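As stored in work-v6.cif (mmCIF, C-alpha atoms):
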data_work
loop_
_atom_site.group_PDB
_atom_site.id
_atom_site.type_symbol
_atom_site.label_atom_id
_atom_site.label_comp_id
_atom_site.auth_asym_id
_atom_site.auth_seq_id
_atom_site.Cartn_x
_atom_site.Cartn_y
_atom_site.Cartn_z
ATOM 1 C CA MET Y 1067 96.156 133.530 128.256
ATOM 2 C CA THR Y 1068 98.575 131.531 126.105
ATOM 3 C CA GLU Y 1069 101.828 132.710 124.517
ATOM 4 C CA PHE Y 1070 102.558 132.833 120.786
ATOM 5 C CA THR Y 1071 104.626 129.672 120.064
ATOM 6 C CA PRO Y 1072 105.575 129.891 116.375
ATOM 7 C CA VAL Y 1073 108.239 127.146 116.303
ATOM 8 C CA SER Y 1074 106.232 124.348 117.949
ATOM 9 C CA ALA Y 1075 103.156 125.438 115.978
ATOM 10 C CA LEU Y 1076 105.010 125.109 112.664
ATOM 11 C CA ILE Y 1077 106.621 121.778 113.622
ATOM 12 C CA GLY Y 1078 103.239 120.418 114.686
ATOM 13 C CA GLY Y 1079 101.600 121.687 111.515
ATOM 14 C CA VAL Y 1080 104.259 120.038 109.349
ATOM 15 C CA LEU Y 1081 103.745 116.720 111.204
ATOM 16 C CA ILE Y 1082 99.994 116.964 110.593
ATOM 17 C CA GLY Y 1083 100.708 117.620 106.905
ATOM 18 C CA LEU Y 1084 103.047 114.618 106.702
ATOM 19 C CA SER Y 1085 100.365 112.435 108.297
ATOM 20 C CA VAL Y 1086 97.742 113.637 105.819
ATOM 21 C CA VAL Y 1087 100.048 113.055 102.819
ATOM 22 C CA PHE Y 1088 101.209 109.627 104.070
ATOM 23 C CA PHE Y 1089 97.584 108.613 104.582
ATOM 24 C CA MET Y 1090 96.672 109.621 101.014
ATOM 25 C CA ALA Y 1091 99.765 107.865 99.594
ATOM 26 C CA THR Y 1092 98.988 104.604 101.399
ATOM 27 C CA MET Y 1093 95.216 104.470 101.980
ATOM 28 C CA GLY Y 1094 94.134 106.890 99.254
ATOM 29 C CA ARG Y 1095 91.798 108.742 101.593
ATOM 30 C CA ILE Y 1096 91.242 112.137 103.167
ATOM 31 C CA ALA Y 1097 92.455 112.128 106.788
ATOM 32 C CA GLY Y 1098 89.213 113.499 108.203
ATOM 33 C CA ILE Y 1099 89.142 112.834 111.933
ATOM 34 C CA SER Y 1100 85.382 113.336 112.395
ATOM 35 C CA GLY Y 1101 84.611 110.770 109.690
ATOM 36 C CA ILE Y 1102 87.139 108.280 111.040
ATOM 37 C CA VAL Y 1103 85.976 108.628 114.670
ATOM 38 C CA SER Y 1104 82.287 108.338 113.754
ATOM 39 C CA GLY Y 1105 83.157 105.126 111.894
ATOM 40 C CA LEU Y 1106 83.980 103.540 115.258
ATOM 41 C CA MET Y 1107 80.249 103.441 115.982
ATOM 42 C CA ASN Y 1108 79.796 101.120 113.005
ATOM 43 C CA PRO Y 1109 81.820 98.000 113.921
ATOM 44 C CA LYS Y 1110 80.301 95.857 111.153
ATOM 45 C CA SER Y 1111 81.689 98.087 108.396
ATOM 46 C CA SER Y 1112 84.624 96.791 106.336
ATOM 47 C CA ASP Y 1113 86.394 100.089 107.134
ATOM 48 C CA PHE Y 1114 86.204 99.544 110.890
ATOM 49 C CA GLY Y 1115 89.659 97.933 111.251
ATOM 50 C CA TRP Y 1116 91.751 100.718 109.718
ATOM 51 C CA LYS Y 1117 89.643 103.418 111.393
ATOM 52 C CA LEU Y 1118 90.279 101.801 114.772
ATOM 53 C CA ALA Y 1119 94.017 101.586 113.947
ATOM 54 C CA PHE Y 1120 94.098 105.299 113.024
ATOM 55 C CA VAL Y 1121 92.399 106.319 116.285
ATOM 56 C CA ALA Y 1122 94.708 103.991 118.245
ATOM 57 C CA GLY Y 1123 97.718 105.777 116.726
ATOM 58 C CA LEU Y 1124 96.090 109.147 117.407
ATOM 59 C CA MET Y 1125 95.904 108.215 121.101
ATOM 60 C CA VAL Y 1126 99.092 106.182 121.640
ATOM 61 C CA ALA Y 1127 101.601 108.609 120.077
ATOM 62 C CA PRO Y 1128 100.604 111.692 122.148
ATOM 63 C CA PHE Y 1129 100.404 109.502 125.256
ATOM 64 C CA VAL Y 1130 103.988 108.299 124.761
ATOM 65 C CA TYR Y 1131 105.140 111.850 123.906
ATOM 66 C CA ALA Y 1132 103.540 113.197 127.106
ATOM 67 C CA MET Y 1133 105.291 110.473 129.145
ATOM 68 C CA MET Y 1134 108.665 111.365 127.629
ATOM 69 C CA ARG Y 1135 108.319 115.158 127.664
ATOM 70 C CA PRO Y 1136 105.652 116.097 130.223
ATOM 71 C CA GLU Y 1137 107.047 119.647 130.444
ATOM 72 C CA ASP Y 1138 106.114 120.222 126.771
ATOM 73 C CA VAL Y 1139 102.452 119.272 127.140
ATOM 74 C CA SER Y 1140 99.902 121.636 128.600
ATOM 75 C CA VAL Y 1141 96.137 121.263 128.521
ATOM 76 C CA ALA Y 1142 93.904 123.844 130.190
ATOM 77 C CA PHE Y 1143 90.190 124.567 130.010
ATOM 78 C CA PRO Y 1144 89.175 128.248 130.001
ATOM 79 C CA HIS Y 1145 85.457 127.400 129.642
ATOM 80 C CA SER Y 1146 83.174 125.619 132.106
ATOM 81 C CA ILE Y 1147 82.325 121.908 131.814
ATOM 82 C CA GLY Y 1148 78.769 122.720 130.719
ATOM 83 C CA PHE Y 1149 80.124 124.613 127.711
ATOM 84 C CA ILE Y 1150 82.582 121.789 126.974
ATOM 85 C CA VAL Y 1151 79.823 119.151 126.892
ATOM 86 C CA ALA Y 1152 77.509 121.377 124.824
ATOM 87 C CA GLY Y 1153 80.488 121.997 122.536
ATOM 88 C CA GLY Y 1154 81.032 118.248 122.113
ATOM 89 C CA LEU Y 1155 77.416 117.733 121.132
ATOM 90 C CA LEU Y 1156 77.505 120.548 118.546
ATOM 91 C CA VAL Y 1157 80.901 119.453 117.189
ATOM 92 C CA GLY Y 1158 79.474 115.946 116.702
ATOM 93 C CA ILE Y 1159 76.314 117.113 114.921
ATOM 94 C CA GLY Y 1160 78.004 119.874 112.910
ATOM 95 C CA SER Y 1161 81.000 117.893 111.706
ATOM 96 C CA ARG Y 1162 78.784 115.113 110.342
ATOM 97 C CA LEU Y 1163 76.172 117.449 108.860
ATOM 98 C CA GLY Y 1164 78.875 119.595 107.250
ATOM 99 C CA SER Y 1165 80.844 116.522 106.041
ATOM 100 C CA GLY Y 1166 84.038 117.344 107.877
ATOM 101 C CA CYS Y 1167 85.947 119.218 110.532
ATOM 102 C CA THR Y 1168 89.207 121.109 110.965
ATOM 103 C CA SER Y 1169 91.222 118.237 109.465
ATOM 104 C CA GLY Y 1170 89.079 117.121 106.513
ATOM 105 C CA HIS Y 1171 87.994 120.609 105.405
ATOM 106 C CA GLY Y 1172 90.623 122.843 107.051
ATOM 107 C CA ILE Y 1173 93.723 120.918 105.928
ATOM 108 C CA CYS Y 1174 92.886 118.220 103.342
ATOM 109 C CA GLY Y 1175 90.141 120.082 101.469
ATOM 110 C CA MET Y 1176 91.778 123.510 101.610
ATOM 111 C CA ALA Y 1177 95.024 122.023 100.263
ATOM 112 C CA ARG Y 1178 93.048 120.661 97.288
ATOM 113 C CA LEU Y 1179 91.360 124.076 96.893
ATOM 114 C CA SER Y 1180 87.975 122.370 97.240
ATOM 115 C CA PRO Y 1181 85.311 125.116 97.110
ATOM 116 C CA ARG Y 1182 83.186 123.236 99.668
ATOM 117 C CA SER Y 1183 86.083 123.026 102.115
ATOM 118 C CA ILE Y 1184 87.008 126.689 101.683
ATOM 119 C CA VAL Y 1185 83.407 127.731 102.444
ATOM 120 C CA ALA Y 1186 83.184 125.306 105.403
ATOM 121 C CA THR Y 1187 86.500 126.479 106.889
ATOM 122 C CA LEU Y 1188 85.617 130.181 106.599
ATOM 123 C CA THR Y 1189 82.212 129.422 108.156
ATOM 124 C CA PHE Y 1190 83.450 127.501 111.195
ATOM 125 C CA MET Y 1191 86.266 129.983 111.789
ATOM 126 C CA ALA Y 1192 83.700 132.802 111.787
ATOM 127 C CA THR Y 1193 81.192 131.102 114.122
ATOM 128 C CA GLY Y 1194 84.032 129.950 116.411
ATOM 129 C CA ILE Y 1195 85.351 133.516 116.701
ATOM 130 C CA ILE Y 1196 81.836 134.877 117.337
ATOM 131 C CA THR Y 1197 81.182 132.209 119.986
ATOM 132 C CA VAL Y 1198 84.374 132.963 121.913
ATOM 133 C CA PHE Y 1199 83.625 136.694 121.674
ATOM 134 C CA VAL Y 1200 80.090 136.239 123.040
ATOM 135 C CA ILE Y 1201 81.275 133.998 125.898
ATOM 136 C CA ARG Y 1202 83.866 136.591 126.911
ATOM 137 C CA MET Y 1203 81.224 139.325 126.782
ATOM 138 C CA ILE Y 1204 78.777 137.424 129.005
ATOM 139 C CA GLY Y 1205 81.598 136.229 131.269
ATOM 140 C CA GLY Y 1206 81.032 132.513 130.775
ATOM 141 C CA ALA Y 1207 84.576 131.379 131.430
ATOM 142 C CA ALA Y 1208 85.175 128.746 134.107
ATOM 143 C CA MET P 341 99.555 96.841 105.667
ATOM 144 C CA ARG P 342 96.356 98.942 105.818
ATOM 145 C CA ILE P 343 96.290 98.659 109.599
ATOM 146 C CA ALA P 344 99.956 99.654 109.935
ATOM 147 C CA ALA P 345 99.611 102.591 107.503
ATOM 148 C CA SER P 346 96.543 103.869 109.361
ATOM 149 C CA PHE P 347 98.213 103.483 112.758
ATOM 150 C CA ILE P 348 101.287 105.429 111.591
ATOM 151 C CA SER P 349 99.103 108.153 110.043
ATOM 152 C CA GLY P 350 97.084 108.497 113.243
ATOM 153 C CA GLY P 351 100.274 108.578 115.298
ATOM 154 C CA LEU P 352 101.873 111.336 113.205
ATOM 155 C CA PHE P 353 98.642 113.302 113.324
ATOM 156 C CA GLY P 354 98.395 112.957 117.111
ATOM 157 C CA LEU P 355 102.022 114.026 117.565
ATOM 158 C CA GLY P 356 101.374 117.067 115.402
ATOM 159 C CA LEU P 357 98.329 118.011 117.478
ATOM 160 C CA VAL P 358 100.060 117.664 120.845
ATOM 161 C CA ILE P 359 103.319 119.385 119.785
ATOM 162 C CA SER P 360 101.515 122.266 118.046
ATOM 163 C CA GLY P 361 99.289 122.998 121.046
ATOM 164 C CA MET P 362 96.060 122.218 119.163
ATOM 165 C CA SER P 363 95.175 119.726 121.915
ATOM 166 C CA ASN P 364 95.158 122.572 124.452
ATOM 167 C CA PRO P 365 91.709 124.259 124.526
ATOM 168 C CA ALA P 366 93.244 127.376 126.121
ATOM 169 C CA LYS P 367 95.381 127.803 122.986
ATOM 170 C CA VAL P 368 92.499 127.175 120.587
ATOM 171 C CA ILE P 369 90.263 129.650 122.409
ATOM 172 C CA GLY P 370 93.184 132.120 122.497
ATOM 173 C CA PHE P 371 93.402 131.771 118.712
ATOM 174 C CA LEU P 372 89.663 132.352 118.214
ATOM 175 C CA ASP P 373 89.742 135.324 120.597
ATOM 176 C CA ILE P 374 90.860 137.838 117.962
ATOM 177 C CA THR P 375 89.502 140.857 119.851
ATOM 178 C CA GLY P 376 91.164 139.806 123.124
ATOM 179 C CA ASN P 377 94.628 138.458 123.919
ATOM 180 C CA TRP P 378 95.040 136.909 120.476
ATOM 181 C CA ASP P 379 97.443 133.933 120.187
ATOM 182 C CA PRO P 380 98.118 133.464 116.427
ATOM 183 C CA SER P 381 99.957 130.127 116.889
ATOM 184 C CA LEU P 382 97.237 128.015 115.306
ATOM 185 C CA ALA P 383 97.415 130.026 112.089
ATOM 186 C CA LEU P 384 100.970 128.676 111.775
ATOM 187 C CA VAL P 385 99.788 125.119 112.508
ATOM 188 C CA MET P 386 97.368 125.485 109.643
ATOM 189 C CA ALA P 387 99.952 127.127 107.374
ATOM 190 C CA GLY P 388 102.505 124.366 108.033
ATOM 191 C CA GLY P 389 99.908 121.646 107.485
ATOM 192 C CA LEU P 390 98.557 123.264 104.320
ATOM 193 C CA ILE P 391 101.929 123.811 102.645
ATOM 194 C CA VAL P 392 103.083 120.234 103.268
ATOM 195 C CA THR P 393 99.717 118.819 102.177
ATOM 196 C CA ALA P 394 99.414 120.962 99.036
ATOM 197 C CA ILE P 395 102.890 119.885 97.842
ATOM 198 C CA GLY P 396 102.565 116.295 99.073
ATOM 199 C CA TYR P 397 99.157 115.721 97.465
ATOM 200 C CA ARG P 398 100.511 116.897 94.088
ATOM 201 C CA LEU P 399 103.279 114.303 94.281
ATOM 202 C CA VAL P 400 100.951 111.543 95.507
ATOM 203 C CA PHE P 401 98.327 112.170 92.809
ATOM 204 C CA ARG P 402 100.950 111.563 90.104
ATOM 205 C CA ARG P 403 100.586 107.887 90.948
ATOM 206 C CA ALA P 404 97.717 105.897 89.465
ATOM 207 C CA ALA P 405 96.658 104.484 92.839
ATOM 208 C CA PRO P 406 97.614 104.529 96.525
ATOM 209 C CA VAL P 407 99.869 101.797 97.934
ATOM 210 C CA CYS P 408 97.179 99.914 99.883
ATOM 211 C CA ASP P 409 94.149 100.366 97.606
ATOM 212 C CA SER P 410 93.199 100.106 93.926
ATOM 213 C CA GLN P 411 92.010 103.739 93.706
ATOM 214 C CA PHE P 412 91.948 107.096 95.474
ATOM 215 C CA HIS P 413 88.794 107.956 97.448
ATOM 216 C CA VAL P 414 88.593 111.724 97.108
ATOM 217 C CA PRO P 415 85.324 113.675 97.384
ATOM 218 C CA THR P 416 84.144 115.072 94.040
ATOM 219 C CA ASN P 417 81.034 116.916 95.273
ATOM 220 C CA ARG P 418 81.331 120.653 94.498
ATOM 221 C CA VAL P 419 77.838 121.756 95.562
ATOM 222 C CA ILE P 420 77.694 124.342 98.338
ATOM 223 C CA ASP P 421 74.384 123.748 100.100
ATOM 224 C CA ALA P 422 72.636 124.531 103.378
ATOM 225 C CA ARG P 423 73.821 121.262 104.963
ATOM 226 C CA LEU P 424 77.461 122.163 104.386
ATOM 227 C CA VAL P 425 77.193 125.757 105.605
ATOM 228 C CA GLY P 426 74.780 124.975 108.450
ATOM 229 C CA GLY P 427 76.872 122.008 109.609
ATOM 230 C CA ALA P 428 80.085 124.047 109.521
ATOM 231 C CA ALA P 429 78.377 126.894 111.422
ATOM 232 C CA ILE P 430 77.182 124.486 114.151
ATOM 233 C CA PHE P 431 80.636 122.895 114.262
ATOM 234 C CA GLY P 432 82.298 126.285 114.758
ATOM 235 C CA ILE P 433 79.987 127.179 117.655
ATOM 236 C CA GLY P 434 80.856 123.879 119.338
ATOM 237 C CA TRP P 435 84.568 124.457 118.668
ATOM 238 C CA GLY P 436 84.404 127.866 120.363
ATOM 239 C CA LEU P 437 82.361 126.533 123.301
ATOM 240 C CA GLY P 438 84.709 123.694 124.219
ATOM 241 C CA GLY P 439 87.994 124.704 122.597
ATOM 242 C CA PHE P 440 88.181 121.230 121.064
ATOM 243 C CA CYS P 441 87.656 119.882 117.582
ATOM 244 C CA PRO P 442 87.473 116.073 117.137
ATOM 245 C CA GLY P 443 91.198 115.170 116.864
ATOM 246 C CA PRO P 444 92.393 117.237 119.834
ATOM 247 C CA GLY P 445 89.458 115.955 121.918
ATOM 248 C CA VAL P 446 90.597 112.375 121.280
ATOM 249 C CA VAL P 447 94.241 113.278 122.015
ATOM 250 C CA ALA P 448 93.393 114.940 125.351
ATOM 251 C CA THR P 449 91.237 111.914 126.194
ATOM 252 C CA ALA P 450 94.333 109.731 125.742
ATOM 253 C CA LEU P 451 96.181 112.076 128.107
ATOM 254 C CA GLY P 452 93.514 111.336 130.719
ATOM 255 C CA TYR P 453 91.679 114.673 131.087
ATOM 256 C CA SER P 454 88.128 114.110 132.346
ATOM 257 C CA GLU P 455 86.863 117.225 130.531
ATOM 258 C CA ALA P 456 88.123 115.740 127.262
ATOM 259 C CA ILE P 457 86.431 112.408 127.991
ATOM 260 C CA ALA P 458 83.153 114.277 128.588
ATOM 261 C CA PHE P 459 83.678 116.218 125.336
ATOM 262 C CA VAL P 460 84.311 113.079 123.262
ATOM 263 C CA ALA P 461 81.333 111.253 124.816
ATOM 264 C CA ALA P 462 79.068 114.215 123.964
ATOM 265 C CA MET P 463 80.591 114.379 120.466
ATOM 266 C CA LEU P 464 79.785 110.708 119.805
ATOM 267 C CA VAL P 465 76.204 111.347 120.981
ATOM 268 C CA GLY P 466 76.074 114.310 118.591
ATOM 269 C CA MET P 467 77.315 112.173 115.682
ATOM 270 C CA TRP P 468 74.685 109.553 116.458
ATOM 271 C CA LEU P 469 72.022 112.242 116.835
ATOM 272 C CA LYS P 470 72.901 113.726 113.437
ATOM 273 C CA ASP P 471 72.118 110.389 111.739
ATOM 274 C CA ARG P 472 68.803 110.211 113.651
ATOM 275 C CA LEU P 473 67.767 113.761 112.823
ATOM 276 C CA PHE P 474 69.151 114.245 109.328
ATOM 277 C CA GLY P 475 69.827 110.726 107.980
ATOM 278 C CA THR P 476 73.163 109.032 107.237
ATOM 279 C CA ALA P 477 73.796 110.742 103.876
#
Could you express the structure from this file as structure tokens?
Amino acid sequence: MTEFTPVSALIGGVLIGLSVVFFMATMGRIAGISGIVSGLMNPKSSDFGWKLAFVAGLMVAPFVYAMMRPEDVSVAFPHSIGFIVAGGLLVGIGSRLGSGCTSGHGICGMARLSPRSIVATLTFMATGIITVFVIRMIGGAA
Amino acid sequence: MRIAASFISGGLFGLGLVISGMSNPAKVIGFLDITGNWDPSLALVMAGGLIVTAIGYRLVFRRAAPVCDSQFHVPTNRVIDARLVGGAAIFGIGWGLGGFCPGPGVVATALGYSEAIAFVAAMLVGMWLKDRLFGTA
């Protein structure tokens, strides 16, 4: 199990907030990752260029950070690969159907006190908690 | 200008995800596991992000328009319908199954983890499937 890391969590959260605010100040848009990533499947759209640039930044910056401070980066997978792939499929369907994910609803929408985002965030938190609980009960960890 | 602003935004976002531990599925699952060995770290990620965004948005919206566009593009829909709740419910199940939401999945892909690559590939299929099953609206 993982340790409580309040300092790095707060620093990371503040960086995410700064990104979201900078994106609104410059591009005038919600920094919703699911919407931006799904836009990559539509290369003819006039929005394709900036979406690609956003995802490039999203990949390059952590890559460079992990090169510089490998001891600070840990990635581990408690659940089996079958669950991970099924999770990817459901995250893809659900984020598009529900018009957003943790970033668009959980940060951008909640900060605007959007009723839709508050309902969406409470809903995915609840089903996420239930899912992890059920997996632990049936012993589905890797 | 638009490309540079988007690249910087994505970069800051990715740094935030990797530093906070959001890109580590073990930490996400530890956060969702409230009846087990609960790791509350991600509540602080959210709190930090929300406070900065709530204050920052207020300042930004004092301007008539963003720097790189003629107007703000902010959702105005306030209707809570079955699509929203059902989509969020499905999303949460997927989040709990894999321990990834979209941003962290992309970040861990950049760090070269094969599980993350499989997650993102499945996620793109899911996004495509949603348009097939439910339309692009």
Is there a way to get, as a tab-separated table (two decimals) with C-alpha atoms, keeping the file's coordinate frame, all residues within 8 Å of the point (82.2, 115.5, 112.4) in file coordinates, counting only C-alpha atoms?
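Result written to selection.tsv:
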chain	number	residue	atom	x	y	z
Y	1099	ILE	CA	89.14	112.83	111.93
Y	1100	SER	CA	85.38	113.34	112.40
Y	1101	GLY	CA	84.61	110.77	109.69
Y	1104	SER	CA	82.29	108.34	113.75
Y	1157	VAL	CA	80.90	119.45	117.19
Y	1158	GLY	CA	79.47	115.95	116.70
Y	1159	ILE	CA	76.31	117.11	114.92
Y	1160	GLY	CA	78.00	119.87	112.91
Y	1161	SER	CA	81.00	117.89	111.71
Y	1162	ARG	CA	78.78	115.11	110.34
Y	1163	LEU	CA	76.17	117.45	108.86
Y	1164	GLY	CA	78.88	119.60	107.25
Y	1165	SER	CA	80.84	116.52	106.04
Y	1166	GLY	CA	84.04	117.34	107.88
Y	1167	CYS	CA	85.95	119.22	110.53
P	431	PHE	CA	80.64	122.90	114.26
P	442	PRO	CA	87.47	116.07	117.14
P	467	MET	CA	77.32	112.17	115.68
Test item: the PyMOL selection byres ((chain Y and resi 1072) around 9) resolved as number ranges by chain: Y: 1070-1071, 1073-1077; P: 360, 380-382, 384-385
From Y:Ala1186, Y:Ala1119, Y:Val1103, Y:Ala1177, residue lying nearest Val460 (chain P) [only C-alpha atoms]: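 Closest to Val460 (chain P) of all the choices is Y:Val1103.
Counting all atoms listed in the file and comparing P:Pro444, P:Gly466, P:Gly436, P:Gly389, the residue that lies closest to Gly1175 (chain Y) is P:Gly389.
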Reference answer for the PyMOL selection byres ((chain P and resi 445) around 10), as number ranges by chain: Y: 1154; P: 362-365, 438-444, 446-451, 453, 455-461, 463
Residues returned when the PyMOL selection byres ((chain P and resi 351) around 6) runs on this file, as an MDAnalysis selection string: (chainID Y and resid 1123:1124 1127) or (chainID P and resid 348:350 352:354)
Take the residues just selected and output them with C-alpha atoms as a PDB file, in the frame of the given file.
ATOM      1  CA  GLY Y1123      97.718 105.777 116.726  1.00  0.00           C
ATOM      2  CA  LEU Y1124      96.090 109.147 117.407  1.00  0.00           C
ATOM      3  CA  ALA Y1127     101.601 108.609 120.077  1.00  0.00           C
TER       4      ALA Y1127
ATOM      5  CA  ILE P 348     101.287 105.429 111.591  1.00  0.00           C
ATOM      6  CA  SER P 349      99.103 108.153 110.043  1.00  0.00           C
ATOM      7  CA  GLY P 350      97.084 108.497 113.243  1.00  0.00           C
ATOM      8  CA  LEU P 352     101.873 111.336 113.205  1.00  0.00           C
ATOM      9  CA  PHE P 353      98.642 113.302 113.324  1.00  0.00           C
ATOM     10  CA  GLY P 354      98.395 112.957 117.111  1.00  0.00           C
TER      11      GLY P 354
END
Any idea what's packed within 7 Å of Asp379 (chain P), counting all atoms listed in the file, ignoring anything in its chain fewer than 3 positions away? Could you give it as a short mmCIF file (atom, residue, chain, number, x, y, z; two decimals) with C-alpha atoms, in the coordinates of the input?
data_model
loop_
_atom_site.label_atom_id
_atom_site.label_comp_id
_atom_site.auth_asym_id
_atom_site.auth_seq_id
_atom_site.Cartn_x
_atom_site.Cartn_y
_atom_site.Cartn_z
CA THR Y 1068 98.58 131.53 126.10
CA GLU Y 1069 101.83 132.71 124.52
CA PHE Y 1070 102.56 132.83 120.79
CA GLY P 370 93.18 132.12 122.50
CA PHE P 371 93.40 131.77 118.71
#
All residues 10 Å or closer to Ser1140 (chain Y), all atoms listed in the file, same chain fewer than 2 positions away omitted, as a PyMOL selection string: (chain Y and resi 1132+1136-1138+1142) or (chain P and resi 358-359+361+363-367+448)
Two-atom distance - CA of Asn1108 (chain Y), CA of Cys408 (chain P) (Å):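 So the two atoms, CA of Asn1108 (chain Y) and CA of Cys408 (chain P), lie 21.8 Å apart.
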Residue nearest His1171 (chain Y) - candidates P:Leu424, P:Ile395, P:Trp435, P:Leu473, atoms counted: only C-alpha atoms: P:Leu424
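Going from CA of Ile1184 (chain Y) to CA of Ile433 (chain P) covers 17.5 Å.
For the pair CA of Met1107 (chain Y) and CA of Arg472 (chain P), the separation is 13.5 Å.
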Protein/DNA/RNA residues near (78.3, 120.7, 127.0), cut 9 Å, only C-alpha atoms, as a ChimeraX atom specification: /Y:1146-1156 /P:434,437-438,458-459,462
Residue among P:Ala404, P:Leu399, P:Val368, P:Val425 lying closest to chain Y, counting only C-alpha atoms: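 Selected residue with least distance to chain Y: P:Val425.
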Contacts of region 1082-1093 of chain Y at 10 Å (only C-alpha atoms; same-chain gap of 4+ positions) as a ChimeraX atom specification: /Y:1076-1078,1097-1098,1116,1120,1169-1170,1173-1174,1177 /P:341-357,360,385-401,403,405-414
Could N, CA and C atoms be built for region 1141-1154 of chain Y and written out as an mmCIF file, in the coordinates of the input?
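Output file selection28.cif is given in full below:
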data_model
loop_
_atom_site.group_PDB
_atom_site.id
_atom_site.type_symbol
_atom_site.label_atom_id
_atom_site.label_comp_id
_atom_site.auth_asym_id
_atom_site.auth_seq_id
_atom_site.Cartn_x
_atom_site.Cartn_y
_atom_site.Cartn_z
ATOM 1 N N VAL Y 1141 97.548 121.317 128.893
ATOM 2 C CA VAL Y 1141 96.137 121.263 128.521
ATOM 3 C C VAL Y 1141 95.373 122.007 129.603
ATOM 4 N N ALA Y 1142 94.662 123.069 129.213
ATOM 5 C CA ALA Y 1142 93.904 123.844 130.190
ATOM 6 C C ALA Y 1142 92.549 124.210 129.593
ATOM 7 N N PHE Y 1143 91.572 124.391 130.461
ATOM 8 C CA PHE Y 1143 90.190 124.567 130.010
ATOM 9 C C PHE Y 1143 89.645 125.910 130.472
ATOM 10 N N PRO Y 1144 89.669 126.925 129.600
ATOM 11 C CA PRO Y 1144 89.175 128.248 130.001
ATOM 12 C C PRO Y 1144 87.659 128.256 130.223
ATOM 13 N N HIS Y 1145 86.914 127.366 129.547
ATOM 14 C CA HIS Y 1145 85.457 127.400 129.642
ATOM 15 C C HIS Y 1145 84.947 126.307 130.583
ATOM 16 N N SER Y 1146 83.729 126.533 131.113
ATOM 17 C CA SER Y 1146 83.174 125.619 132.106
ATOM 18 C C SER Y 1146 82.784 124.280 131.459
ATOM 19 N N ILE Y 1147 82.611 123.260 132.304
ATOM 20 C CA ILE Y 1147 82.325 121.908 131.814
ATOM 21 C C ILE Y 1147 81.000 121.849 131.050
ATOM 22 N N GLY Y 1148 80.042 122.684 131.453
ATOM 23 C CA GLY Y 1148 78.769 122.720 130.719
ATOM 24 C C GLY Y 1148 78.970 123.152 129.272
ATOM 25 N N PHE Y 1149 79.811 124.155 129.067
ATOM 26 C CA PHE Y 1149 80.124 124.613 127.711
ATOM 27 C C PHE Y 1149 80.888 123.538 126.936
ATOM 28 N N ILE Y 1150 81.776 122.819 127.640
ATOM 29 C CA ILE Y 1150 82.582 121.789 126.974
ATOM 30 C C ILE Y 1150 81.678 120.660 126.462
ATOM 31 N N VAL Y 1151 80.732 120.236 127.292
ATOM 32 C CA VAL Y 1151 79.823 119.151 126.892
ATOM 33 C C VAL Y 1151 78.899 119.620 125.766
ATOM 34 N N ALA Y 1152 78.345 120.835 125.906
ATOM 35 C CA ALA Y 1152 77.509 121.377 124.824
ATOM 36 C C ALA Y 1152 78.325 121.487 123.544
ATOM 37 N N GLY Y 1153 79.594 121.898 123.687
ATOM 38 C CA GLY Y 1153 80.488 121.997 122.536
ATOM 39 C C GLY Y 1153 80.684 120.653 121.865
ATOM 40 N N GLY Y 1154 80.868 119.599 122.665
ATOM 41 C CA GLY Y 1154 81.032 118.248 122.113
ATOM 42 C C GLY Y 1154 79.828 117.831 121.292
#
